>>> print(open('start_28.pdb').read())   # PDB, C-alpha atoms
MODEL        1
ATOM      1  CA  MET O  16      80.186  80.345  94.569  1.00  0.00           C
ATOM      2  CA  ASN O  17      82.680  77.526  94.139  1.00  0.00           C
ATOM      3  CA  ALA O  18      84.277  75.967  91.041  1.00  0.00           C
ATOM      4  CA  GLN O  19      81.579  73.340  90.540  1.00  0.00           C
ATOM      5  CA  GLU O  20      78.841  75.978  90.778  1.00  0.00           C
ATOM      6  CA  VAL O  21      80.632  78.132  88.180  1.00  0.00           C
ATOM      7  CA  VAL O  22      80.804  75.158  85.786  1.00  0.00           C
ATOM      8  CA  THR O  23      77.133  74.350  86.414  1.00  0.00           C
ATOM      9  CA  TYR O  24      76.070  77.943  85.717  1.00  0.00           C
ATOM     10  CA  VAL O  25      78.171  77.988  82.531  1.00  0.00           C
ATOM     11  CA  GLN O  26      76.514  74.759  81.434  1.00  0.00           C
ATOM     12  CA  LEU O  27      73.029  76.152  82.111  1.00  0.00           C
ATOM     13  CA  SER O  28      73.785  79.372  80.253  1.00  0.00           C
ATOM     14  CA  LEU O  29      75.194  77.543  77.229  1.00  0.00           C
ATOM     15  CA  HIS O  30      72.264  75.128  77.236  1.00  0.00           C
ATOM     16  CA  GLU O  31      69.865  78.089  76.912  1.00  0.00           C
ATOM     17  CA  LYS O  32      71.625  79.309  73.733  1.00  0.00           C
ATOM     18  CA  PHE O  33      72.607  75.892  72.376  1.00  0.00           C
ATOM     19  CA  PRO O  34      70.014  73.375  73.631  1.00  0.00           C
ATOM     20  CA  ASP O  35      70.953  70.648  71.129  1.00  0.00           C
ATOM     21  CA  ILE O  36      74.718  70.754  71.659  1.00  0.00           C
ATOM     22  CA  PRO O  37      76.204  68.515  74.380  1.00  0.00           C
ATOM     23  CA  PHE O  38      78.474  70.100  77.013  1.00  0.00           C
ATOM     24  CA  GLU O  39      81.162  67.749  78.363  1.00  0.00           C
ATOM     25  CA  ARG O  40      84.521  67.785  80.130  1.00  0.00           C
ATOM     26  CA  ALA O  41      87.373  68.228  77.640  1.00  0.00           C
ATOM     27  CA  GLU O  42      89.179  65.163  79.015  1.00  0.00           C
ATOM     28  CA  LYS O  43      86.266  62.937  78.040  1.00  0.00           C
ATOM     29  CA  PRO O  44      86.747  61.496  74.531  1.00  0.00           C
ATOM     30  CA  GLU O  45      83.680  62.587  72.631  1.00  0.00           C
ATOM     31  CA  PRO O  46      83.411  62.030  68.867  1.00  0.00           C
ATOM     32  CA  LYS O  47      80.073  63.886  68.553  1.00  0.00           C
ATOM     33  CA  GLN O  48      79.878  67.015  66.471  1.00  0.00           C
ATOM     34  CA  PRO O  49      78.869  69.664  67.227  1.00  0.00           C
ATOM     35  CA  ARG O  50      79.861  69.731  70.886  1.00  0.00           C
ATOM     36  CA  LEU O  51      81.016  72.088  73.614  1.00  0.00           C
ATOM     37  CA  GLU O  52      83.875  71.035  75.866  1.00  0.00           C
ATOM     38  CA  TYR O  53      85.054  72.684  79.045  1.00  0.00           C
ATOM     39  CA  ARG O  54      88.130  72.592  81.226  1.00  0.00           C
ATOM     40  CA  LEU O  55      88.826  74.439  84.470  1.00  0.00           C
ATOM     41  CA  VAL O  56      92.208  76.000  83.686  1.00  0.00           C
ATOM     42  CA  SER O  57      92.997  77.778  86.952  1.00  0.00           C
ATOM     43  CA  VAL O  58      91.695  79.314  90.141  1.00  0.00           C
ATOM     44  CA  ASP O  59      93.453  82.397  91.531  1.00  0.00           C
ATOM     45  CA  PHE O  60      92.815  83.509  95.079  1.00  0.00           C
ATOM     46  CA  THR O  61      93.842  87.023  96.123  1.00  0.00           C
ATOM     47  CA  ARG O  62      93.110  89.294  99.043  1.00  0.00           C
ATOM     48  CA  GLU O  63      91.588  92.716  98.379  1.00  0.00           C
ATOM     49  CA  ARG O  64      91.603  93.780 102.005  1.00  0.00           C
ATOM     50  CA  SER O  65      91.723  92.048 105.381  1.00  0.00           C
ATOM     51  CA  ASP O  66      88.214  90.602 105.160  1.00  0.00           C
ATOM     52  CA  ARG O  67      87.552  90.475 101.389  1.00  0.00           C
ATOM     53  CA  PHE O  68      88.958  88.032  98.869  1.00  0.00           C
ATOM     54  CA  VAL O  69      88.605  87.451  95.131  1.00  0.00           C
ATOM     55  CA  ARG O  70      88.686  84.064  93.461  1.00  0.00           C
ATOM     56  CA  VAL O  71      89.052  84.120  89.695  1.00  0.00           C
ATOM     57  CA  TYR O  72      87.945  80.946  87.945  1.00  0.00           C
ATOM     58  CA  THR O  73      89.375  80.562  84.440  1.00  0.00           C
ATOM     59  CA  LEU O  74      87.550  78.174  82.154  1.00  0.00           C
ATOM     60  CA  GLU O  75      88.341  77.123  78.635  1.00  0.00           C
ATOM     61  CA  ILE O  76      85.324  76.376  76.451  1.00  0.00           C
ATOM     62  CA  ARG O  77      86.015  74.642  73.156  1.00  0.00           C
ATOM     63  CA  TYR O  78      83.401  74.649  70.436  1.00  0.00           C
ATOM     64  CA  VAL O  79      83.674  71.848  67.893  1.00  0.00           C
ATOM     65  CA  PRO O  80      81.234  72.661  65.081  1.00  0.00           C
ATOM     66  CA  ALA O  81      79.388  70.152  62.974  1.00  0.00           C
ATOM     67  CA  ALA O  82      81.008  69.146  59.705  1.00  0.00           C
ATOM     68  CA  GLU O  83      80.571  71.770  56.986  1.00  0.00           C
ATOM     69  CA  HIS O  84      80.121  74.554  59.592  1.00  0.00           C
ATOM     70  CA  TYR O  85      82.511  77.134  60.974  1.00  0.00           C
ATOM     71  CA  ALA O  86      82.945  77.981  64.631  1.00  0.00           C
ATOM     72  CA  ASP O  87      83.264  81.712  64.015  1.00  0.00           C
ATOM     73  CA  GLU O  88      79.582  81.693  63.030  1.00  0.00           C
ATOM     74  CA  GLN O  89      78.765  81.062  66.706  1.00  0.00           C
ATOM     75  CA  VAL O  90      81.267  83.362  68.439  1.00  0.00           C
ATOM     76  CA  GLU O  91      78.800  86.149  69.267  1.00  0.00           C
ATOM     77  CA  GLN O  92      76.256  83.724  70.693  1.00  0.00           C
ATOM     78  CA  LEU O  93      78.964  82.031  72.753  1.00  0.00           C
ATOM     79  CA  PHE O  94      80.095  85.401  74.121  1.00  0.00           C
ATOM     80  CA  GLU O  95      76.508  86.322  74.998  1.00  0.00           C
ATOM     81  CA  ALA O  96      75.970  83.008  76.779  1.00  0.00           C
ATOM     82  CA  LEU O  97      79.220  83.257  78.752  1.00  0.00           C
ATOM     83  CA  GLU O  98      79.208  86.971  79.619  1.00  0.00           C
ATOM     84  CA  THR O  99      76.912  86.621  82.643  1.00  0.00           C
ATOM     85  CA  ILE O 100      76.142  83.388  84.481  1.00  0.00           C
ATOM     86  CA  GLY O 101      74.065  82.485  87.517  1.00  0.00           C
ATOM     87  CA  THR O 102      70.892  83.900  88.967  1.00  0.00           C
ATOM     88  CA  GLY O 103      69.854  86.151  91.828  1.00  0.00           C
ATOM     89  CA  GLU O 104      72.576  86.548  94.431  1.00  0.00           C
ATOM     90  CA  ASP O 105      74.811  84.121  92.515  1.00  0.00           C
ATOM     91  CA  LEU O 106      74.956  86.347  89.432  1.00  0.00           C
ATOM     92  CA  CYS O 107      78.513  86.566  88.093  1.00  0.00           C
ATOM     93  CA  ARG O 108      79.795  88.616  85.167  1.00  0.00           C
ATOM     94  CA  ALA O 109      82.908  87.576  83.239  1.00  0.00           C
ATOM     95  CA  SER O 110      85.879  89.898  83.623  1.00  0.00           C
ATOM     96  CA  GLU O 111      87.512  88.690  80.422  1.00  0.00           C
ATOM     97  CA  LEU O 112      86.415  86.714  77.363  1.00  0.00           C
ATOM     98  CA  ARG O 113      89.021  85.759  74.772  1.00  0.00           C
ATOM     99  CA  TRP O 114      88.514  83.739  71.599  1.00  0.00           C
ATOM    100  CA  ASP O 115      91.360  82.019  69.736  1.00  0.00           C
ATOM    101  CA  THR O 116      92.137  78.641  68.197  1.00  0.00           C
ATOM    102  CA  ASP O 117      94.094  75.664  69.476  1.00  0.00           C
ATOM    103  CA  ASP O 118      95.159  73.167  66.815  1.00  0.00           C
ATOM    104  CA  GLY O 119      92.412  74.500  64.579  1.00  0.00           C
ATOM    105  CA  ILE O 120      89.703  74.088  67.225  1.00  0.00           C
ATOM    106  CA  PRO O 121      88.170  77.327  68.465  1.00  0.00           C
ATOM    107  CA  ARG O 122      88.280  77.994  72.177  1.00  0.00           C
ATOM    108  CA  ILE O 123      87.109  80.711  74.483  1.00  0.00           C
ATOM    109  CA  ARG O 124      88.897  81.509  77.709  1.00  0.00           C
ATOM    110  CA  VAL O 125      86.695  83.179  80.258  1.00  0.00           C
ATOM    111  CA  ASN O 126      87.490  84.564  83.704  1.00  0.00           C
ATOM    112  CA  TYR O 127      84.819  84.748  86.407  1.00  0.00           C
ATOM    113  CA  PRO O 128      85.767  86.794  89.474  1.00  0.00           C
ATOM    114  CA  VAL O 129      83.915  85.817  92.644  1.00  0.00           C
ATOM    115  CA  ARG O 130      84.226  88.087  95.661  1.00  0.00           C
ATOM    116  CA  THR O 131      83.902  86.646  99.120  1.00  0.00           C
ATOM    117  CA  VAL O 132      83.808  88.357 102.475  1.00  0.00           C
ATOM    118  CA  ARG O 133      85.022  86.610 105.576  1.00  0.00           C
ATOM    119  CA  PRO O 134      82.344  86.956 108.244  1.00  0.00           C
ATOM    120  CA  PRO O 135      83.395  88.768 111.404  1.00  0.00           C
ATOM    121  CA  ALA O 136      84.617  86.555 114.201  1.00  0.00           C
ATOM    122  CA  SER O 137      82.005  85.817 116.814  1.00  0.00           C
ATOM    123  CA  GLY O 138      82.463  86.749 120.418  1.00  0.00           C
ATOM    124  CA  VAL O 139      84.276  89.612 122.036  1.00  0.00           C
ATOM    125  CA  LEU O 140      87.292  90.714 120.068  1.00  0.00           C
ATOM    126  CA  MET O 141      88.435  93.335 122.531  1.00  0.00           C
ATOM    127  CA  SER O 142      87.506  93.697 126.154  1.00  0.00           C
ATOM    128  CA  THR O 143      87.623  96.859 128.174  1.00  0.00           C
ATOM    129  CA  MET O 144      90.918  97.881 129.595  1.00  0.00           C
ATOM    130  CA  ASP O 145      91.354  98.980 133.198  1.00  0.00           C
ATOM    131  CA  GLN O 146      93.628 101.923 133.629  1.00  0.00           C
ATOM    132  CA  HIS O 147      95.429 102.282 136.938  1.00  0.00           C
ATOM    133  CA  VAL O 148      97.137 105.508 137.788  1.00  0.00           C
ATOM    134  CA  SER O 149     100.052 105.171 140.112  1.00  0.00           C
ATOM    135  CA  PRO O 150     101.018 108.131 142.250  1.00  0.00           C
ATOM    136  CA  ALA O 151     103.453 110.330 140.447  1.00  0.00           C
ATOM    137  CA  SER O 152     106.651 110.324 142.390  1.00  0.00           C
ATOM    138  CA  HIS O 153     108.399 112.636 139.985  1.00  0.00           C
ATOM    139  CA  VAL O 154     105.856 115.464 140.226  1.00  0.00           C
ATOM    140  CA  LYS O 155     106.949 118.318 142.525  1.00  0.00           C
TER     141      LYS O 155
ENDMDL
END
>>> encode(input="start_28.pdb", output="structure tokens")
Amino acid sequence: MNAQEVVTYVQLSLHEKFPDIPFERAEKPEPKQPRLEYRLVSVDFTRERSDRFVRVYTLEIRYVPAAEHYADEQVEQLFEALETIGTGEDLCRASELRWDTDDGIPRIRVNYPVRTVRPPASGVLMSTMDQHVSPASHVK
């Protein structure tokens, strides 16, 4: 799973819970209310062992409620929608969900760890070794 697939799965999951609320990039000026905005904050890539790696995608989801409504009324539904994304083999569970506010606008930061395994190299990695014994000149 790559970054664009993570964003797509987040969008699909949020659309299931909030079908009437648009989901757009945070950089896009959008005066509509209510709306959900997203931003890919970071991608961390670490090695667990020689052939296994973990990428952690951190997204920020901002919920701008309609006038006369409060964002904290939707926090539980947002958490439920963001906890697990994807389907089948691409299922991914969030490792961390955190809700706070930024300039009065509620935001959720969510981390999605994606484990990848490097496939074994094709071909012969090690060939047989021939062992030659030379006569022992030091043996009496």
>>> atom_distance(input="start_28.pdb", atom1="atom CA of Thr73 of chain O", atom2="atom CA of Leu112 of chain O")
9.8 Å
>>> resolve_selection(input="start_28.pdb", expression="the PyMOL selection byres ((chain O and resi 28) around 12)", output="CSV table (one decimal) with C-alpha atoms, in the coordinates of the input")
chain,number,residue,atom,x,y,z
O,21,VAL,CA,80.6,78.1,88.2
O,22,VAL,CA,80.8,75.2,85.8
O,23,THR,CA,77.1,74.4,86.4
O,24,TYR,CA,76.1,77.9,85.7
O,25,VAL,CA,78.2,78.0,82.5
O,26,GLN,CA,76.5,74.8,81.4
O,27,LEU,CA,73.0,76.2,82.1
O,29,LEU,CA,75.2,77.5,77.2
O,30,HIS,CA,72.3,75.1,77.2
O,31,GLU,CA,69.9,78.1,76.9
O,32,LYS,CA,71.6,79.3,73.7
O,33,PHE,CA,72.6,75.9,72.4
O,34,PRO,CA,70.0,73.4,73.6
O,38,PHE,CA,78.5,70.1,77.0
O,92,GLN,CA,76.3,83.7,70.7
O,93,LEU,CA,79.0,82.0,72.8
O,94,PHE,CA,80.1,85.4,74.1
O,95,GLU,CA,76.5,86.3,75.0
O,96,ALA,CA,76.0,83.0,76.8
O,97,LEU,CA,79.2,83.3,78.8
O,98,GLU,CA,79.2,87.0,79.6
O,99,THR,CA,76.9,86.6,82.6
O,100,ILE,CA,76.1,83.4,84.5
O,101,GLY,CA,74.1,82.5,87.5
O,102,THR,CA,70.9,83.9,89.0
O,106,LEU,CA,75.0,86.3,89.4
O,107,CYS,CA,78.5,86.6,88.1
>>> atom_distance(input="start_28.pdb", atom1="atom CA of Pro121 of chain O", atom2="atom CA of Ala81 of chain O")
12.6 Å
>>> atom_distance(input="start_28.pdb", atom1="atom CA of Val132 of chain O", atom2="atom CA of Arg113 of chain O")
28.3 Å
>>> closest_residue(input="start_28.pdb", among="O:Arg133, O:Tyr72, O:Glu104, O:Glu52", to="Ile120 of chain O", atoms="all atoms listed in the file")
O:Glu52
>>> resolve_selection(input="start_28.pdb", expression="the PyMOL selection byres ((chain O and resi 58-60) around 12)", output="PyMOL selection string")
chain O and resi 17-19+21+54-57+61-63+67-74+125-131
>>> closest_residue(input="start_28.pdb", among="O:Glu83, O:Glu88, O:Arg124, O:Ala109", to="Gln48 of chain O", atoms="all atoms listed in the file")
O:Glu83
>>> closest_residue(input="start_28.pdb", among="O:Ile76, O:Ile36, O:Ala82, O:Met16", to="Asp117 of chain O", atoms="all atoms listed in the file")
O:Ile76
>>> resolve_selection(input="start_28.pdb", expression="the PyMOL selection byres ((chain O and resi 47) around 9)", output="mmCIF file with C-alpha atoms, keeping the file's coordinate frame")
data_model
loop_
_atom_site.group_PDB
_atom_site.id
_atom_site.type_symbol
_atom_site.label_atom_id
_atom_site.label_comp_id
_atom_site.auth_asym_id
_atom_site.auth_seq_id
_atom_site.Cartn_x
_atom_site.Cartn_y
_atom_site.Cartn_z
ATOM 1 C CA PRO O 37 76.204 68.515 74.380
ATOM 2 C CA GLU O 45 83.680 62.587 72.631
ATOM 3 C CA PRO O 46 83.411 62.030 68.867
ATOM 4 C CA GLN O 48 79.878 67.015 66.471
ATOM 5 C CA PRO O 49 78.869 69.664 67.227
ATOM 6 C CA ARG O 50 79.861 69.731 70.886
ATOM 7 C CA VAL O 79 83.674 71.848 67.893
ATOM 8 C CA ALA O 81 79.388 70.152 62.974
#
